[in-house]
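Listing of protein_20.cif; format and content: mmCIF, C-alpha atoms and all ligand atoms; chains and numbers go by the auth columns.
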```
data_protein
#
loop_
_atom_site.group_PDB
_atom_site.id
_atom_site.type_symbol
_atom_site.label_atom_id
_atom_site.label_comp_id
_atom_site.label_asym_id
_atom_site.label_seq_id
_atom_site.Cartn_x
_atom_site.Cartn_y
_atom_site.Cartn_z
_atom_site.B_iso_or_equiv
_atom_site.auth_seq_id
_atom_site.auth_asym_id
ATOM 1 C CA MET A 1 17.380 -7.447 17.411 0.00 1 V
ATOM 2 C CA SER A 2 17.260 -6.224 20.958 0.00 2 V
ATOM 3 C CA ASN A 3 18.812 -2.791 20.855 0.00 3 V
ATOM 4 C CA SER A 4 16.977 0.265 19.690 0.00 4 V
ATOM 5 C CA THR A 5 19.575 1.310 17.105 0.00 5 V
ATOM 6 C CA THR A 6 19.064 -1.895 15.163 0.00 6 V
ATOM 7 C CA HIS A 7 15.333 -1.504 15.485 0.00 7 V
ATOM 8 C CA THR A 8 15.519 1.947 13.924 0.00 8 V
ATOM 9 C CA LEU A 9 17.614 0.631 11.070 0.00 9 V
ATOM 10 C CA ASP A 10 15.062 -2.117 10.443 0.00 10 V
ATOM 11 C CA GLU A 11 12.360 0.497 10.262 0.00 11 V
ATOM 12 C CA SER A 12 14.319 2.716 7.936 0.00 12 V
ATOM 13 C CA LEU A 13 15.041 -0.227 5.646 0.00 13 V
ATOM 14 C CA TYR A 14 11.358 -1.112 5.707 0.00 14 V
ATOM 15 C CA GLU A 15 10.408 2.446 4.733 0.00 15 V
ATOM 16 C CA HIS A 16 13.097 2.575 2.063 0.00 16 V
ATOM 17 C CA LEU A 17 11.906 -0.660 0.442 0.00 17 V
ATOM 18 C CA LYS A 18 8.312 0.521 0.500 0.00 18 V
ATOM 19 C CA ALA A 19 9.353 3.804 -1.122 0.00 19 V
ATOM 20 C CA ILE A 20 11.299 2.148 -3.951 0.00 20 V
ATOM 21 C CA ARG A 21 8.482 -0.278 -4.561 0.00 21 V
ATOM 22 C CA SER A 22 5.882 2.463 -4.688 0.00 22 V
ATOM 23 C CA GLN A 23 7.936 4.356 -7.294 0.00 23 V
ATOM 24 C CA LEU A 24 7.683 1.478 -9.762 0.00 24 V
ATOM 25 C CA PRO A 25 4.744 1.279 -12.155 0.00 25 V
ATOM 26 C CA VAL A 26 2.247 -1.275 -10.827 0.00 26 V
ATOM 27 C CA SER A 27 2.721 -3.332 -13.991 0.00 27 V
ATOM 28 C CA VAL A 28 6.404 -3.887 -13.228 0.00 28 V
ATOM 29 C CA ARG A 29 7.268 -6.809 -10.982 0.00 29 V
ATOM 30 C CA LEU A 30 10.010 -6.080 -8.478 0.00 30 V
ATOM 31 C CA ILE A 31 12.452 -8.890 -7.927 0.00 31 V
ATOM 32 C CA ALA A 32 14.516 -8.126 -4.858 0.00 32 V
ATOM 33 C CA VAL A 33 17.980 -9.515 -5.488 0.00 33 V
ATOM 34 C CA THR A 34 19.145 -10.895 -2.156 0.00 34 V
ATOM 35 C CA LYS A 35 22.499 -12.433 -2.985 0.00 35 V
ATOM 36 C CA THR A 36 24.732 -11.864 0.093 0.00 36 V
ATOM 37 C CA VAL A 37 21.711 -10.492 1.989 0.00 37 V
ATOM 38 C CA PRO A 38 20.950 -12.527 5.121 0.00 38 V
ATOM 39 C CA ALA A 39 17.584 -14.087 5.883 0.00 39 V
ATOM 40 C CA ASP A 40 16.644 -11.632 8.631 0.00 40 V
ATOM 41 C CA ILE A 41 16.905 -8.768 6.140 0.00 41 V
ATOM 42 C CA ILE A 42 14.807 -10.725 3.660 0.00 42 V
ATOM 43 C CA ARG A 43 12.145 -10.890 6.385 0.00 43 V
ATOM 44 C CA ILE A 44 12.054 -7.091 6.489 0.00 44 V
ATOM 45 C CA ALA A 45 11.560 -7.013 2.724 0.00 45 V
ATOM 46 C CA TYR A 46 8.784 -9.562 3.090 0.00 46 V
ATOM 47 C CA ALA A 47 7.154 -7.397 5.753 0.00 47 V
ATOM 48 C CA ALA A 48 7.364 -4.476 3.310 0.00 48 V
ATOM 49 C CA GLY A 49 5.279 -6.505 0.861 0.00 49 V
ATOM 50 C CA ILE A 50 7.945 -7.944 -1.430 0.00 50 V
ATOM 51 C CA ARG A 51 7.232 -11.519 -2.506 0.00 51 V
ATOM 52 C CA ASP A 52 9.711 -12.072 -5.356 0.00 52 V
ATOM 53 C CA PHE A 53 13.332 -12.726 -4.476 0.00 53 V
ATOM 54 C CA GLY A 54 16.286 -13.333 -6.771 0.00 54 V
ATOM 55 C CA GLU A 55 19.398 -15.308 -5.956 0.00 55 V
ATOM 56 C CA ASN A 56 22.359 -16.262 -8.095 0.00 56 V
ATOM 57 C CA ARG A 57 23.863 -19.180 -6.184 0.00 57 V
ATOM 58 C CA ILE A 58 22.180 -22.492 -5.567 0.00 58 V
ATOM 59 C CA GLN A 59 23.697 -23.280 -2.180 0.00 59 V
ATOM 60 C CA GLU A 60 23.157 -19.805 -0.783 0.00 60 V
ATOM 61 C CA ALA A 61 19.530 -19.931 -1.905 0.00 61 V
ATOM 62 C CA ALA A 62 18.999 -23.369 -0.359 0.00 62 V
ATOM 63 C CA THR A 63 20.303 -22.176 3.005 0.00 63 V
ATOM 64 C CA LYS A 64 18.133 -19.061 3.066 0.00 64 V
ATOM 65 C CA GLN A 65 15.032 -20.843 1.815 0.00 65 V
ATOM 66 C CA ALA A 66 15.383 -23.275 4.721 0.00 66 V
ATOM 67 C CA GLN A 67 15.659 -20.338 7.133 0.00 67 V
ATOM 68 C CA LEU A 68 12.552 -18.745 5.597 0.00 68 V
ATOM 69 C CA HIS A 69 10.380 -21.833 5.169 0.00 69 V
ATOM 70 C CA ASP A 70 7.690 -20.296 7.379 0.00 70 V
ATOM 71 C CA LEU A 71 7.035 -17.657 4.676 0.00 71 V
ATOM 72 C CA PRO A 72 5.010 -19.720 2.228 0.00 72 V
ATOM 73 C CA ASP A 73 4.143 -17.320 -0.548 0.00 73 V
ATOM 74 C CA ILE A 74 7.591 -16.282 -1.744 0.00 74 V
ATOM 75 C CA THR A 75 8.452 -16.786 -5.404 0.00 75 V
ATOM 76 C CA TRP A 76 12.146 -17.547 -5.891 0.00 76 V
ATOM 77 C CA HIS A 77 13.938 -16.474 -9.057 0.00 77 V
ATOM 78 C CA LEU A 78 17.308 -17.793 -10.187 0.00 78 V
ATOM 79 C CA ILE A 79 19.096 -14.954 -11.943 0.00 79 V
ATOM 80 C CA GLY A 80 22.686 -16.210 -12.145 0.00 80 V
ATOM 81 C CA HIS A 81 24.437 -18.518 -14.564 0.00 81 V
ATOM 82 C CA LEU A 82 23.361 -22.132 -14.075 0.00 82 V
ATOM 83 C CA GLN A 83 25.640 -25.104 -14.627 0.00 83 V
ATOM 84 C CA SER A 84 23.978 -28.238 -15.955 0.00 84 V
ATOM 85 C CA ASN A 85 25.097 -30.322 -12.997 0.00 85 V
ATOM 86 C CA LYS A 86 23.080 -28.049 -10.690 0.00 86 V
ATOM 87 C CA ALA A 87 19.967 -28.027 -12.861 0.00 87 V
ATOM 88 C CA LYS A 88 18.017 -30.467 -10.704 0.00 88 V
ATOM 89 C CA LYS A 89 18.687 -28.530 -7.521 0.00 89 V
ATOM 90 C CA ALA A 90 17.753 -25.311 -9.320 0.00 90 V
ATOM 91 C CA LEU A 91 14.394 -26.750 -10.344 0.00 91 V
ATOM 92 C CA GLU A 92 13.708 -27.837 -6.789 0.00 92 V
ATOM 93 C CA LEU A 93 14.491 -24.393 -5.373 0.00 93 V
ATOM 94 C CA PHE A 94 13.276 -21.887 -7.955 0.00 94 V
ATOM 95 C CA GLN A 95 9.934 -21.276 -9.649 0.00 95 V
ATOM 96 C CA TRP A 96 11.581 -18.994 -12.203 0.00 96 V
ATOM 97 C CA ILE A 97 14.904 -19.346 -13.986 0.00 97 V
ATOM 98 C CA HIS A 98 15.848 -16.097 -15.736 0.00 98 V
ATOM 99 C CA SER A 99 19.299 -17.190 -16.795 0.00 99 V
ATOM 100 C CA VAL A 100 18.712 -20.012 -19.274 0.00 100 V
ATOM 101 C CA ASP A 101 21.448 -19.174 -21.731 0.00 101 V
ATOM 102 C CA ASN A 102 21.969 -22.147 -24.046 0.00 102 V
ATOM 103 C CA LEU A 103 20.035 -24.910 -25.744 0.00 103 V
ATOM 104 C CA LYS A 104 21.725 -27.788 -23.921 0.00 104 V
ATOM 105 C CA LEU A 105 20.800 -26.296 -20.576 0.00 105 V
ATOM 106 C CA ALA A 106 17.200 -25.797 -21.699 0.00 106 V
ATOM 107 C CA GLN A 107 17.002 -29.406 -22.856 0.00 107 V
ATOM 108 C CA ARG A 108 18.475 -30.663 -19.592 0.00 108 V
ATOM 109 C CA LEU A 109 15.988 -28.588 -17.587 0.00 109 V
ATOM 110 C CA ASN A 110 13.163 -29.870 -19.759 0.00 110 V
ATOM 111 C CA GLN A 111 14.115 -33.488 -19.170 0.00 111 V
ATOM 112 C CA LEU A 112 14.498 -33.013 -15.405 0.00 112 V
ATOM 113 C CA ALA A 113 11.278 -30.995 -15.167 0.00 113 V
ATOM 114 C CA GLY A 114 9.492 -33.937 -16.759 0.00 114 V
ATOM 115 C CA GLU A 115 10.977 -36.354 -14.239 0.00 115 V
ATOM 116 C CA LEU A 116 10.154 -34.058 -11.324 0.00 116 V
ATOM 117 C CA ASN A 117 6.727 -33.200 -12.708 0.00 117 V
ATOM 118 C CA LEU A 118 7.486 -29.470 -12.650 0.00 118 V
ATOM 119 C CA LYS A 119 6.670 -26.692 -15.107 0.00 119 V
ATOM 120 C CA PRO A 120 9.323 -24.061 -14.427 0.00 120 V
ATOM 121 C CA ASN A 121 8.971 -20.504 -15.682 0.00 121 V
ATOM 122 C CA ILE A 122 11.848 -19.709 -17.998 0.00 122 V
ATOM 123 C CA CYS A 123 13.391 -16.568 -19.428 0.00 123 V
ATOM 124 C CA LEU A 124 15.866 -16.885 -22.261 0.00 124 V
ATOM 125 C CA GLN A 125 18.941 -14.785 -21.585 0.00 125 V
ATOM 126 C CA VAL A 126 20.012 -12.792 -24.614 0.00 126 V
ATOM 127 C CA LYS A 127 22.883 -10.540 -25.587 0.00 127 V
ATOM 128 C CA ILE A 128 21.843 -7.728 -27.879 0.00 128 V
ATOM 129 C CA LEU A 129 25.443 -6.474 -28.072 0.00 129 V
ATOM 130 C CA PRO A 130 28.530 -8.686 -27.919 0.00 130 V
ATOM 131 C CA ASP A 131 29.648 -9.020 -24.292 0.00 131 V
ATOM 132 C CA PRO A 132 32.490 -11.402 -23.480 0.00 132 V
ATOM 133 C CA ASN A 133 31.687 -11.129 -19.768 0.00 133 V
ATOM 134 C CA LYS A 134 28.117 -12.358 -20.057 0.00 134 V
ATOM 135 C CA SER A 135 26.510 -15.527 -21.264 0.00 135 V
ATOM 136 C CA GLY A 136 23.364 -15.605 -23.356 0.00 136 V
ATOM 137 C CA TRP A 137 22.159 -16.093 -26.894 0.00 137 V
ATOM 138 C CA THR A 138 23.065 -13.674 -29.623 0.00 138 V
ATOM 139 C CA ILE A 139 20.115 -12.858 -31.871 0.00 139 V
ATOM 140 C CA PRO A 140 21.201 -15.210 -34.708 0.00 140 V
ATOM 141 C CA GLN A 141 21.992 -18.051 -32.297 0.00 141 V
ATOM 142 C CA LEU A 142 18.572 -17.731 -30.710 0.00 142 V
ATOM 143 C CA SER A 143 16.849 -17.807 -34.106 0.00 143 V
ATOM 144 C CA ASP A 144 18.647 -21.055 -34.861 0.00 144 V
ATOM 145 C CA ASP A 145 17.655 -22.624 -31.550 0.00 145 V
ATOM 146 C CA LEU A 146 13.999 -21.590 -31.353 0.00 146 V
ATOM 147 C CA PRO A 147 12.634 -24.730 -33.062 0.00 147 V
ATOM 148 C CA ALA A 148 14.476 -26.992 -30.611 0.00 148 V
ATOM 149 C CA LEU A 149 13.523 -24.793 -27.668 0.00 149 V
ATOM 150 C CA ASN A 150 9.902 -24.967 -28.734 0.00 150 V
ATOM 151 C CA HIS A 151 10.096 -28.758 -28.372 0.00 151 V
ATOM 152 C CA CYS A 152 10.875 -28.499 -24.655 0.00 152 V
ATOM 153 C CA LYS A 153 7.282 -28.829 -23.548 0.00 153 V
ATOM 154 C CA ASN A 154 7.910 -28.947 -19.813 0.00 154 V
ATOM 155 C CA LEU A 155 9.336 -25.439 -19.852 0.00 155 V
ATOM 156 C CA GLN A 156 7.041 -22.460 -19.611 0.00 156 V
ATOM 157 C CA TYR A 157 8.893 -19.873 -21.634 0.00 157 V
ATOM 158 C CA GLN A 158 7.809 -16.486 -20.351 0.00 158 V
ATOM 159 C CA GLY A 159 10.077 -14.110 -22.211 0.00 159 V
ATOM 160 C CA LEU A 160 13.585 -12.699 -22.437 0.00 160 V
ATOM 161 C CA MET A 161 16.156 -11.615 -19.890 0.00 161 V
ATOM 162 C CA THR A 162 19.094 -9.347 -20.536 0.00 162 V
ATOM 163 C CA ILE A 163 21.903 -7.622 -18.681 0.00 163 V
ATOM 164 C CA ALA A 164 23.173 -4.425 -20.302 0.00 164 V
ATOM 165 C CA PRO A 165 26.941 -4.524 -20.894 0.00 165 V
ATOM 166 C CA PHE A 166 29.002 -2.574 -18.404 0.00 166 V
ATOM 167 C CA GLY A 167 30.165 0.917 -19.382 0.00 167 V
ATOM 168 C CA LEU A 168 27.474 1.984 -21.855 0.00 168 V
ATOM 169 C CA ASN A 169 26.029 5.474 -21.758 0.00 169 V
ATOM 170 C CA GLU A 170 22.308 6.017 -21.234 0.00 170 V
ATOM 171 C CA SER A 171 21.311 6.042 -24.874 0.00 171 V
ATOM 172 C CA GLN A 172 23.328 2.901 -25.626 0.00 172 V
ATOM 173 C CA THR A 173 21.764 1.189 -22.627 0.00 173 V
ATOM 174 C CA LEU A 174 18.315 2.217 -23.788 0.00 174 V
ATOM 175 C CA ASP A 175 19.162 0.770 -27.221 0.00 175 V
ATOM 176 C CA VAL A 176 19.992 -2.568 -25.607 0.00 176 V
ATOM 177 C CA PHE A 177 16.681 -2.664 -23.753 0.00 177 V
ATOM 178 C CA ASN A 178 14.698 -1.532 -26.788 0.00 178 V
ATOM 179 C CA GLY A 179 16.494 -4.155 -28.862 0.00 179 V
ATOM 180 C CA THR A 180 15.498 -6.816 -26.364 0.00 180 V
ATOM 181 C CA ARG A 181 11.848 -5.747 -26.547 0.00 181 V
ATOM 182 C CA GLU A 182 11.962 -5.748 -30.353 0.00 182 V
ATOM 183 C CA LEU A 183 13.436 -9.238 -30.337 0.00 183 V
ATOM 184 C CA ALA A 184 10.622 -10.428 -28.084 0.00 184 V
ATOM 185 C CA VAL A 185 8.053 -8.865 -30.412 0.00 185 V
ATOM 186 C CA GLU A 186 9.688 -10.562 -33.389 0.00 186 V
ATOM 187 C CA ILE A 187 9.659 -13.986 -31.689 0.00 187 V
ATOM 188 C CA LYS A 188 6.060 -13.481 -30.610 0.00 188 V
ATOM 189 C CA SER A 189 5.060 -12.776 -34.209 0.00 189 V
ATOM 190 C CA GLN A 190 6.393 -16.208 -35.191 0.00 190 V
ATOM 191 C CA ASN A 191 3.603 -17.839 -33.159 0.00 191 V
ATOM 192 C CA TRP A 192 5.545 -20.675 -31.566 0.00 192 V
ATOM 193 C CA SER A 193 3.205 -23.161 -29.912 0.00 193 V
ATOM 194 C CA ASN A 194 5.215 -23.290 -26.679 0.00 194 V
ATOM 195 C CA ILE A 195 7.104 -20.008 -26.475 0.00 195 V
ATOM 196 C CA GLN A 196 5.407 -17.091 -24.760 0.00 196 V
ATOM 197 C CA MET A 197 7.017 -13.662 -24.897 0.00 197 V
ATOM 198 C CA GLN A 198 5.064 -11.690 -22.281 0.00 198 V
ATOM 199 C CA GLN A 199 7.931 -10.902 -19.940 0.00 199 V
ATOM 200 C CA LEU A 200 11.019 -8.751 -20.240 0.00 200 V
ATOM 201 C CA SER A 201 13.353 -9.256 -17.291 0.00 201 V
ATOM 202 C CA MET A 202 15.700 -6.298 -17.576 0.00 202 V
ATOM 203 C CA GLY A 203 16.988 -3.487 -15.420 0.00 203 V
ATOM 204 C CA MET A 204 19.235 -3.450 -12.375 0.00 204 V
ATOM 205 C CA SER A 205 19.916 -0.716 -9.802 0.00 205 V
ATOM 206 C CA GLY A 206 21.900 1.439 -12.219 0.00 206 V
ATOM 207 C CA ASP A 207 19.628 1.211 -15.229 0.00 207 V
ATOM 208 C CA TYR A 208 16.146 0.099 -14.232 0.00 208 V
ATOM 209 C CA GLN A 209 14.496 3.385 -15.129 0.00 209 V
ATOM 210 C CA LEU A 210 15.767 3.009 -18.696 0.00 210 V
ATOM 211 C CA ALA A 211 14.623 -0.602 -18.736 0.00 211 V
ATOM 212 C CA ILE A 212 11.135 0.399 -17.616 0.00 212 V
ATOM 213 C CA GLU A 213 11.066 3.084 -20.288 0.00 213 V
ATOM 214 C CA ALA A 214 11.846 0.356 -22.827 0.00 214 V
ATOM 215 C CA GLY A 215 9.104 -1.938 -21.556 0.00 215 V
ATOM 216 C CA ALA A 216 10.607 -4.072 -18.780 0.00 216 V
ATOM 217 C CA THR A 217 7.993 -6.139 -16.959 0.00 217 V
ATOM 218 C CA MET A 218 10.389 -7.391 -14.274 0.00 218 V
ATOM 219 C CA VAL A 219 13.284 -5.473 -12.740 0.00 219 V
ATOM 220 C CA ARG A 220 15.986 -7.164 -10.691 0.00 220 V
ATOM 221 C CA LEU A 221 17.154 -4.783 -7.969 0.00 221 V
ATOM 222 C CA GLY A 222 19.795 -5.452 -5.347 0.00 222 V
ATOM 223 C CA THR A 223 22.073 -2.578 -4.389 0.00 223 V
ATOM 224 C CA ILE A 224 19.460 0.132 -4.498 0.00 224 V
ATOM 225 C CA LEU A 225 17.313 -1.868 -2.085 0.00 225 V
ATOM 226 C CA PHE A 226 19.867 -3.296 0.303 0.00 226 V
ATOM 227 C CA GLY A 227 23.311 -1.859 -0.497 0.00 227 V
ATOM 228 C CA GLU A 228 24.156 1.009 1.799 0.00 228 V
ATOM 229 C CA ARG A 229 21.633 -0.006 4.371 0.00 229 V
ATOM 230 C CA LEU A 230 22.950 -3.486 4.691 0.00 230 V
ATOM 231 C CA ARG A 231 26.446 -2.174 5.163 0.00 231 V
ATOM 232 C CA SER A 232 25.352 0.179 7.921 0.00 232 V
ATOM 233 C CA ARG A 233 23.429 -2.648 9.489 0.00 233 V
ATOM 234 C CA ILE A 234 26.487 -4.873 9.484 0.00 234 V
ATOM 235 C CA SER A 235 28.662 -2.177 11.023 0.00 235 V
ATOM 236 C CA ASP A 236 25.959 -1.742 13.641 0.00 236 V
ATOM 237 C CA TYR A 237 26.324 -5.407 14.560 0.00 237 V
ATOM 238 C CA GLN A 238 30.033 -4.939 14.950 0.00 238 V
ATOM 239 C CA GLU A 239 29.872 -1.936 17.200 0.00 239 V
ATOM 240 C CA PRO A 240 30.748 -2.735 20.809 0.00 240 V
ATOM 241 C CA GLY A 241 28.160 -2.514 23.510 0.00 241 V
HETATM 242 C C1 LIG B . 23.273 -8.884 -8.864 0.00 1 M
HETATM 243 C C2 LIG B . 22.345 -8.931 -10.000 0.00 1 M
HETATM 244 C C3 LIG B . 21.307 -8.012 -10.105 0.00 1 M
HETATM 245 C C4 LIG B . 21.107 -6.853 -9.143 0.00 1 M
HETATM 246 O O1 LIG B . 22.107 -5.906 -9.378 0.00 1 M
HETATM 247 P P1 LIG B . 22.141 -4.499 -8.606 0.00 1 M
HETATM 248 O O2 LIG B . 23.007 -3.664 -9.452 0.00 1 M
HETATM 249 O O3 LIG B . 22.716 -4.791 -7.267 0.00 1 M
HETATM 250 O O4 LIG B . 20.747 -4.019 -8.530 0.00 1 M
HETATM 251 C C5 LIG B . 20.424 -8.152 -11.173 0.00 1 M
HETATM 252 N N1 LIG B . 20.568 -9.123 -12.077 0.00 1 M
HETATM 253 C C6 LIG B . 21.566 -10.038 -12.013 0.00 1 M
HETATM 254 C C7 LIG B . 21.673 -11.083 -13.046 0.00 1 M
HETATM 255 C C8 LIG B . 22.487 -9.952 -10.966 0.00 1 M
HETATM 256 O O5 LIG B . 23.483 -10.855 -10.894 0.00 1 M
#
```

Serialized structure, structure tokens:
Amino acid sequence: MSNSTTHTLDESLYEHLKAIRSQLPVSVRLIAVTKTVPADIIRIAYAAGIRDFGENRIQEAATKQAQLHDLPDITWHLIGHLQSNKAKKALELFQWIHSVDNLKLAQRLNQLAGELNLKPNICLQVKILPDPNKSGWTIPQLSDDLPALNHCKNLQYQGLMTIAPFGLNESQTLDVFNGTRELAVEIKSQNWSNIQMQQLSMGMSGDYQLAIEAGATMVRLGTILFGERLRSRISDYQEPG
């Protein structure tokens, strides 16, 4: 980072991140989604005060966490689909797993968490509308699985996560987020001994304002934080001289 152009871009990214963060209600936790974003950019986000980072691939997260090991107070969130065979690695790398999307995976995580003496924070990923492109529980499937989920005592269930299906208009998207909140309220009213429903992880760059309107407590933002800026930064690297 020796030339002044790059320095200016760092500063403008820093200001941009601070601005986005300051626009969010203080009650909403910003998870900066850093998939494909290199570690030196994550450092700028850290400098701007961001402490929650979301990744969707285990190996990519492991590499960046090693590069950032000097930053001790980061909370890492897994937001992408998790295969059972990577569950152990996921527990070692992430304090939160937002993408727990089936009972078998939850049970596997519970068993491994016991062995590793960990108490991971878990969101249950749900689908309020049918979406062949996304995993997650439908409402009836989740009702069926709640008793077994409640038995997984090493998991700290924090709430629900959802991704709005692609191509909905604003009011349909809002319906999805409101439906997710209503489902959380319904589960909460059942008073499960081990299932908390305080958190709603919903909202991405294109729809986070709607998600916040519907009661999101955590938003997962990537493109709006890093998108254009990262591209200009990369082209800056490639410029001669
Ligand atoms: C990539 C991703 C995000 C961030 O999406 P943007 O549109 O870039 O903000 C949020 N949640 C999940 C599950 C993702 O995979």

Checklist entry - Using only C-alpha atoms and all ligand atoms, which protein or nucleic acid residues are at most 12 Å from ligand LIG 1 (chain M), as an MDAnalysis selection string? => result chainID V and resid 30:37 53:57 77:82 97:101 123 125:126 134:136 161:166 201:209 218:228

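With all atoms listed in the file as the atoms that count, the minimum distance from Gly215 (chain V) to the choices V:Ala87, V:Leu105, V:Val28, V:Leu129 is reached by V:Val28.
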
Item to check | Within 12 Å of Asn85 (chain V) using only C-alpha atoms, minus same-chain residues under 6 positions, as a ChimeraX atom specification | outcome: /V:58,91,104-105,108-109,112

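You can rank V:Gln158, V:Asn117, V:Ser12, V:Gln23 by their closest distance to Thr217 (chain V) using only C-alpha atoms, and at the top of that list sits V:Gln158.
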
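Rounded to one decimal, CA of Ala48 (chain V) and CA of Thr8 (chain V) lie 14.8 Å from each other.
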
Next on the checklist: Taking only C-alpha atoms into account, name the residue in V:Leu124, V:Ile139, V:Leu103, V:Ala47 that is nearest to Glu186 (chain V).
Outcome noted: V:Ile139

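The closest residue to Leu71 (chain V), picked from V:Ala39, V:Leu160, V:Ala113, V:Ala90 and counting all atoms listed in the file, is V:Ala39.
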
Checklist entry - Mind telling me what the PyMOL selection byres (((chain V and resi 214) around 8) and not hetatm) catches here, as an NGL selection string? => result :V and (174 or 177-178 or 181 or 210-213 or 215-216)

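Straight-line separation from CA of Asn154 (chain V) to CA of Ala66 (chain V): 26.3 Å.
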
Checklist entry - Which polymer residues have any atom within 6 Å of an atom of region 196-198 of chain V, counting all atoms listed in the file, with same-chain residues fewer than 3 positions away left out, as a ChimeraX atom specification? => result /V:157-159,184,188

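Here CA of Leu149 (chain V) is placed at a distance of 15.8 Å from CA of Leu183 (chain V).
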
Can you tell me, as a tab-separated table (two decimals) with C-alpha atoms, keeping the file's coordinate frame, what residues are no more than 10 Å from Asp40 (chain V) when counting only C-alpha atoms, ignoring any on the same chain fewer than 2 positions away?
```
chain	number	residue	atom	x	y	z
V	1	MET	CA	17.38	-7.45	17.41
V	10	ASP	CA	15.06	-2.12	10.44
V	37	VAL	CA	21.71	-10.49	1.99
V	38	PRO	CA	20.95	-12.53	5.12
V	42	ILE	CA	14.81	-10.72	3.66
V	43	ARG	CA	12.14	-10.89	6.38
V	44	ILE	CA	12.05	-7.09	6.49
V	45	ALA	CA	11.56	-7.01	2.72
V	46	TYR	CA	8.78	-9.56	3.09
V	64	LYS	CA	18.13	-19.06	3.07
V	67	GLN	CA	15.66	-20.34	7.13
V	68	LEU	CA	12.55	-18.74	5.60
```

Checklist entry - Which residues come within 9 Å of Lys119 (chain V), counting all atoms listed in the file, excluding same-chain residues fewer than 4 positions away, as JSON, numbers by chain? => result {"V": [95, 110, 113, 114, 153, 154, 155, 156]}

Could I see region 16-29 of chain V restored to N, CA and C atoms, set down as a PDB file, in the frame of the given file?
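Printed below is out26.pdb as written:
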```pdb
ATOM      1  N   HIS V  16      12.352   2.416   3.317  1.00  0.00           N
ATOM      2  CA  HIS V  16      13.097   2.575   2.063  1.00  0.00           C
ATOM      3  C   HIS V  16      12.580   1.591   1.013  1.00  0.00           C
ATOM      4  N   LEU V  17      12.382   0.356   1.390  1.00  0.00           N
ATOM      5  CA  LEU V  17      11.906  -0.660   0.442  1.00  0.00           C
ATOM      6  C   LEU V  17      10.509  -0.310  -0.047  1.00  0.00           C
ATOM      7  N   LYS V  18       9.676   0.134   0.890  1.00  0.00           N
ATOM      8  CA  LYS V  18       8.312   0.521   0.500  1.00  0.00           C
ATOM      9  C   LYS V  18       8.353   1.692  -0.485  1.00  0.00           C
ATOM     10  N   ALA V  19       9.260   2.622  -0.253  1.00  0.00           N
ATOM     11  CA  ALA V  19       9.353   3.804  -1.122  1.00  0.00           C
ATOM     12  C   ALA V  19       9.798   3.408  -2.526  1.00  0.00           C
ATOM     13  N   ILE V  20      10.821   2.567  -2.623  1.00  0.00           N
ATOM     14  CA  ILE V  20      11.299   2.148  -3.951  1.00  0.00           C
ATOM     15  C   ILE V  20      10.177   1.413  -4.676  1.00  0.00           C
ATOM     16  N   ARG V  21       9.534   0.529  -3.952  1.00  0.00           N
ATOM     17  CA  ARG V  21       8.482  -0.278  -4.561  1.00  0.00           C
ATOM     18  C   ARG V  21       7.347   0.611  -5.078  1.00  0.00           C
ATOM     19  N   SER V  22       7.015   1.624  -4.292  1.00  0.00           N
ATOM     20  CA  SER V  22       5.882   2.463  -4.688  1.00  0.00           C
ATOM     21  C   SER V  22       6.238   3.370  -5.862  1.00  0.00           C
ATOM     22  N   GLN V  23       7.541   3.541  -6.132  1.00  0.00           N
ATOM     23  CA  GLN V  23       7.936   4.356  -7.294  1.00  0.00           C
ATOM     24  C   GLN V  23       7.830   3.596  -8.609  1.00  0.00           C
ATOM     25  N   LEU V  24       7.746   2.270  -8.526  1.00  0.00           N
ATOM     26  CA  LEU V  24       7.683   1.478  -9.762  1.00  0.00           C
ATOM     27  C   LEU V  24       6.259   1.459 -10.289  1.00  0.00           C
ATOM     28  N   PRO V  25       6.093   1.453 -11.619  1.00  0.00           N
ATOM     29  CA  PRO V  25       4.744   1.279 -12.155  1.00  0.00           C
ATOM     30  C   PRO V  25       4.153  -0.033 -11.627  1.00  0.00           C
ATOM     31  N   VAL V  26       2.852  -0.065 -11.400  1.00  0.00           N
ATOM     32  CA  VAL V  26       2.247  -1.275 -10.827  1.00  0.00           C
ATOM     33  C   VAL V  26       2.404  -2.480 -11.749  1.00  0.00           C
ATOM     34  N   SER V  27       2.569  -2.227 -13.037  1.00  0.00           N
ATOM     35  CA  SER V  27       2.721  -3.332 -13.991  1.00  0.00           C
ATOM     36  C   SER V  27       4.111  -3.959 -13.968  1.00  0.00           C
ATOM     37  N   VAL V  28       5.032  -3.361 -13.256  1.00  0.00           N
ATOM     38  CA  VAL V  28       6.404  -3.887 -13.228  1.00  0.00           C
ATOM     39  C   VAL V  28       6.618  -4.691 -11.952  1.00  0.00           C
ATOM     40  N   ARG V  29       7.060  -5.913 -12.128  1.00  0.00           N
ATOM     41  CA  ARG V  29       7.268  -6.809 -10.982  1.00  0.00           C
ATOM     42  C   ARG V  29       8.664  -6.579 -10.422  1.00  0.00           C
TER      43      ARG V  29
END
```
